[in-house]
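**Student:** Pasting a structure here, questions to come.
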Amino acid sequence: MSDADHPDDGDQSLISHLVELRSRLLKAISAVLVVLVALLPFANKLYGWLALPLVERLPQGGAMIATEVASPFLTPLKLAFFVAVLVSIPVILYQLWAFVAPGLYRHEKRLALPILVSSVLLFYIGCAFAYFLVLPAVFKFMTAIAPQGVAVMPDISHYLSFVLGLFLAFGLCFEVLVVLVILVALGLVTPAKLAEGRRYAIVGSFVVAAVLTPPDVLSQIMLAVPMCLLYEVGIFGARVLIHRDPATGPSSSPS
């Protein structure tokens, strides 16, 4: 039995949980710092790779510029930190899992672990989708519509903010599948309800895409369409979940 079952040991239990939480946080932060230190010597190369989708599509004579004195130093450093966090996500989530797992029931553990793994993979896939498909298409469009006589010379810090924002947008929006499965597992919706709300989900996907992406139709479609497809996959996944575990869903009752 857990300490929570013994009210007299409540204070001791709280302190032990706080100590463990502190230990888990320190391990997660240490993982980020170790990866960051390892990446620092390659920060400029990392930025060069990140800038490729734009640099390869700049018109002849175009180049990226730094409008602030410290930008050539700080901008690659910011990118190295972002990459360190991205690479360390599995370690961070493992520390989170190790902290909460002892308090979960067996069926909750059986569901939570695949959800954690799937959420990480989907976030990575969303970022890769943005880098390899969306960014080249967006920059090709942006440079093609530049007015005659205008030199396309993006600032390196503004470019980093733009790209990281796009990565986060696609990474988070690709979590649609995981969110739907969680909602069904918690009994908040059913696969039938999700199927009935398909038309609203499609409209909502295009609205979210219009808000999160640059003001061009191509990038909006490239975000909205995968979200719609993931919504359909989420419905299928929810049906599989219900089939395998009939206790899951609105009709389930606590044991």
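Identifiers for the structure tokens are assigned positionally: chains receive A, B, ... in sequence, residues are indexed from 1 per chain, and ligands are indexed from 1 in the order shown.
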Name the residues in contact with Leu172 of chain A at a cut-off of 12 Å, using only C-alpha atoms, excluding same-chain residues fewer than 5 positions from it; report them as a ChimeraX atom specification.

**Tutor:** /A:119-127,130,165-167,177-179,208-209,212,223,227

**Student:** Restricting it to N, CA, C and O atoms, dump the selection as a PDB file, in the first residue's frame.

**Tutor:**
ATOM      1  N   SER A 119       3.446  10.381 -27.869  1.00  0.00           N
ATOM      2  CA  SER A 119       3.459  11.846 -27.874  1.00  0.00           C
ATOM      3  C   SER A 119       4.834  12.374 -28.271  1.00  0.00           C
ATOM      4  O   SER A 119       4.948  13.342 -29.034  1.00  0.00           O
ATOM      5  N   VAL A 120       5.904  11.712 -27.784  1.00  0.00           N
ATOM      6  CA  VAL A 120       7.262  12.131 -28.159  1.00  0.00           C
ATOM      7  C   VAL A 120       7.493  11.919 -29.650  1.00  0.00           C
ATOM      8  O   VAL A 120       7.991  12.803 -30.353  1.00  0.00           O
ATOM      9  N   LEU A 121       7.134  10.738 -30.138  1.00  0.00           N
ATOM     10  CA  LEU A 121       7.346  10.427 -31.551  1.00  0.00           C
ATOM     11  C   LEU A 121       6.555  11.379 -32.450  1.00  0.00           C
ATOM     12  O   LEU A 121       7.076  11.858 -33.464  1.00  0.00           O
ATOM     13  N   LEU A 122       5.317  11.650 -32.080  1.00  0.00           N
ATOM     14  CA  LEU A 122       4.491  12.541 -32.893  1.00  0.00           C
ATOM     15  C   LEU A 122       5.046  13.961 -32.898  1.00  0.00           C
ATOM     16  O   LEU A 122       4.994  14.657 -33.920  1.00  0.00           O
ATOM     17  N   PHE A 123       5.577  14.407 -31.757  1.00  0.00           N
ATOM     18  CA  PHE A 123       6.175  15.744 -31.713  1.00  0.00           C
ATOM     19  C   PHE A 123       7.392  15.811 -32.631  1.00  0.00           C
ATOM     20  O   PHE A 123       7.560  16.763 -33.401  1.00  0.00           O
ATOM     21  N   TYR A 124       8.231  14.781 -32.583  1.00  0.00           N
ATOM     22  CA  TYR A 124       9.392  14.740 -33.471  1.00  0.00           C
ATOM     23  C   TYR A 124       8.968  14.697 -34.938  1.00  0.00           C
ATOM     24  O   TYR A 124       9.565  15.369 -35.789  1.00  0.00           O
ATOM     25  N   ILE A 125       7.954  13.894 -35.227  1.00  0.00           N
ATOM     26  CA  ILE A 125       7.466  13.797 -36.610  1.00  0.00           C
ATOM     27  C   ILE A 125       6.928  15.150 -37.079  1.00  0.00           C
ATOM     28  O   ILE A 125       7.149  15.562 -38.225  1.00  0.00           O
ATOM     29  N   GLY A 126       6.218  15.852 -36.197  1.00  0.00           N
ATOM     30  CA  GLY A 126       5.696  17.166 -36.546  1.00  0.00           C
ATOM     31  C   GLY A 126       6.812  18.147 -36.867  1.00  0.00           C
ATOM     32  O   GLY A 126       6.737  18.895 -37.850  1.00  0.00           O
ATOM     33  N   CYS A 127       7.877  18.137 -36.069  1.00  0.00           N
ATOM     34  CA  CYS A 127       9.022  19.029 -36.321  1.00  0.00           C
ATOM     35  C   CYS A 127       9.712  18.663 -37.631  1.00  0.00           C
ATOM     36  O   CYS A 127      10.087  19.553 -38.420  1.00  0.00           O
ATOM     37  N   ALA A 130       7.681  19.804 -40.561  1.00  0.00           N
ATOM     38  CA  ALA A 130       7.817  21.249 -40.767  1.00  0.00           C
ATOM     39  C   ALA A 130       9.144  21.580 -41.451  1.00  0.00           C
ATOM     40  O   ALA A 130       9.189  22.418 -42.356  1.00  0.00           O
ATOM     41  N   GLY A 165       8.882  28.763 -33.801  1.00  0.00           N
ATOM     42  CA  GLY A 165       7.430  28.868 -33.630  1.00  0.00           C
ATOM     43  C   GLY A 165       6.694  27.874 -34.512  1.00  0.00           C
ATOM     44  O   GLY A 165       5.712  27.247 -34.085  1.00  0.00           O
ATOM     45  N   LEU A 166       7.191  27.714 -35.735  1.00  0.00           N
ATOM     46  CA  LEU A 166       6.566  26.758 -36.661  1.00  0.00           C
ATOM     47  C   LEU A 166       6.785  25.323 -36.177  1.00  0.00           C
ATOM     48  O   LEU A 166       5.880  24.483 -36.257  1.00  0.00           O
ATOM     49  N   PHE A 167       7.978  25.028 -35.666  1.00  0.00           N
ATOM     50  CA  PHE A 167       8.246  23.692 -35.121  1.00  0.00           C
ATOM     51  C   PHE A 167       7.294  23.366 -33.968  1.00  0.00           C
ATOM     52  O   PHE A 167       6.726  22.273 -33.907  1.00  0.00           O
ATOM     53  N   LEU A 177      -3.783  13.052 -32.220  1.00  0.00           N
ATOM     54  CA  LEU A 177      -4.085  11.629 -32.042  1.00  0.00           C
ATOM     55  C   LEU A 177      -4.027  11.250 -30.565  1.00  0.00           C
ATOM     56  O   LEU A 177      -4.925  10.585 -30.044  1.00  0.00           O
ATOM     57  N   VAL A 178      -2.971  11.671 -29.885  1.00  0.00           N
ATOM     58  CA  VAL A 178      -2.805  11.340 -28.470  1.00  0.00           C
ATOM     59  C   VAL A 178      -3.918  11.966 -27.634  1.00  0.00           C
ATOM     60  O   VAL A 178      -4.462  11.329 -26.723  1.00  0.00           O
ATOM     61  N   VAL A 179      -4.261  13.205 -27.944  1.00  0.00           N
ATOM     62  CA  VAL A 179      -5.310  13.896 -27.183  1.00  0.00           C
ATOM     63  C   VAL A 179      -6.637  13.166 -27.305  1.00  0.00           C
ATOM     64  O   VAL A 179      -7.355  12.980 -26.304  1.00  0.00           O
ATOM     65  N   VAL A 208      -7.186  26.689 -36.785  1.00  0.00           N
ATOM     66  CA  VAL A 208      -5.925  26.620 -36.029  1.00  0.00           C
ATOM     67  C   VAL A 208      -4.744  26.820 -36.971  1.00  0.00           C
ATOM     68  O   VAL A 208      -3.788  27.547 -36.648  1.00  0.00           O
ATOM     69  N   ALA A 209      -4.797  26.196 -38.138  1.00  0.00           N
ATOM     70  CA  ALA A 209      -3.706  26.337 -39.105  1.00  0.00           C
ATOM     71  C   ALA A 209      -3.563  27.785 -39.572  1.00  0.00           C
ATOM     72  O   ALA A 209      -2.450  28.285 -39.744  1.00  0.00           O
ATOM     73  N   LEU A 212      -1.788  29.676 -36.673  1.00  0.00           N
ATOM     74  CA  LEU A 212      -0.428  29.288 -36.294  1.00  0.00           C
ATOM     75  C   LEU A 212       0.589  29.396 -37.418  1.00  0.00           C
ATOM     76  O   LEU A 212       1.789  29.486 -37.144  1.00  0.00           O
ATOM     77  N   LEU A 223      -0.621  22.161 -42.699  1.00  0.00           N
ATOM     78  CA  LEU A 223      -0.847  21.869 -41.285  1.00  0.00           C
ATOM     79  C   LEU A 223      -2.243  21.289 -41.055  1.00  0.00           C
ATOM     80  O   LEU A 223      -2.407  20.340 -40.286  1.00  0.00           O
ATOM     81  N   MET A 227      -3.592  17.353 -39.602  1.00  0.00           N
ATOM     82  CA  MET A 227      -4.423  17.348 -38.401  1.00  0.00           C
ATOM     83  C   MET A 227      -5.721  16.587 -38.644  1.00  0.00           C
ATOM     84  O   MET A 227      -6.175  15.814 -37.796  1.00  0.00           O
TER      85      MET A 227
END

**Student:** Excluding same-chain residues fewer than 2 positions from segment 54-65 of chain A, what lies within 6 Å of it counting only C-alpha atoms, as a ChimeraX atom specification?

**Tutor:** /A:51-52,139-140,152-155

**Student:** May I have the residues from that selection written out with C-alpha atoms, as a short mmCIF file (atom, residue, chain, number, x, y, z; two decimals), in the first residue's frame?

**Tutor:**
data_model
loop_
_atom_site.label_atom_id
_atom_site.label_comp_id
_atom_site.auth_asym_id
_atom_site.auth_seq_id
_atom_site.Cartn_x
_atom_site.Cartn_y
_atom_site.Cartn_z
CA ALA A 51 18.87 27.99 -42.29
CA LEU A 52 19.27 25.68 -45.32
CA PHE A 139 10.24 30.07 -48.29
CA LYS A 140 9.91 29.26 -51.96
CA VAL A 152 15.47 39.46 -49.53
CA MET A 153 17.85 39.55 -46.52
CA PRO A 154 16.17 37.99 -43.45
CA ASP A 155 17.54 38.67 -39.97
#

**Student:** Name the residues of segment 54-129 of chain A that come out as helix (DSSP H, G or I) in a backbone DSSP run; write them as a ChimeraX atom specification.

**Tutor:** /A:54-55,71-103,106-129

**Student:** Find the spatial neighbours of segment 70-77 of chain A, counting only C-alpha atoms, within a cut-off of 9 Å - ignore same-chain residues fewer than 6 positions away - and output them as a PyMOL selection string.

**Tutor:** chain A and resi 40+42-47+156-157+160

**Student:** Which one is closest to Trp49 of chain A: A:Gly171, A:Phe132, A:Val138, A:Ala112? Count only C-alpha atoms.

**Tutor:**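 Nearest candidate to Trp49 of chain A out of A:Gly171, A:Phe132, A:Val138, A:Ala112: A:Phe132.
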
**Student:** Between A:Ala101, A:Ile182, A:Val207, A:Ala224, which has the minimum distance to Val134 of chain A (counting only C-alpha atoms)?

**Tutor:** A:Ala224

**Student:** Go through A:Cys173, A:Glu196, A:Leu116, A:Asp216 and flag the residue nearest Leu229 of chain A, using only C-alpha atoms for the distances.

**Tutor:**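 Selected residue with least distance to Leu229 of chain A: A:Cys173.
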
**Student:** Can you measure atom CA of Val240 of chain A to atom CA of Ile221 of chain A for me? One decimal in Å is fine.

**Tutor:**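 It comes out at 28.6 Å.
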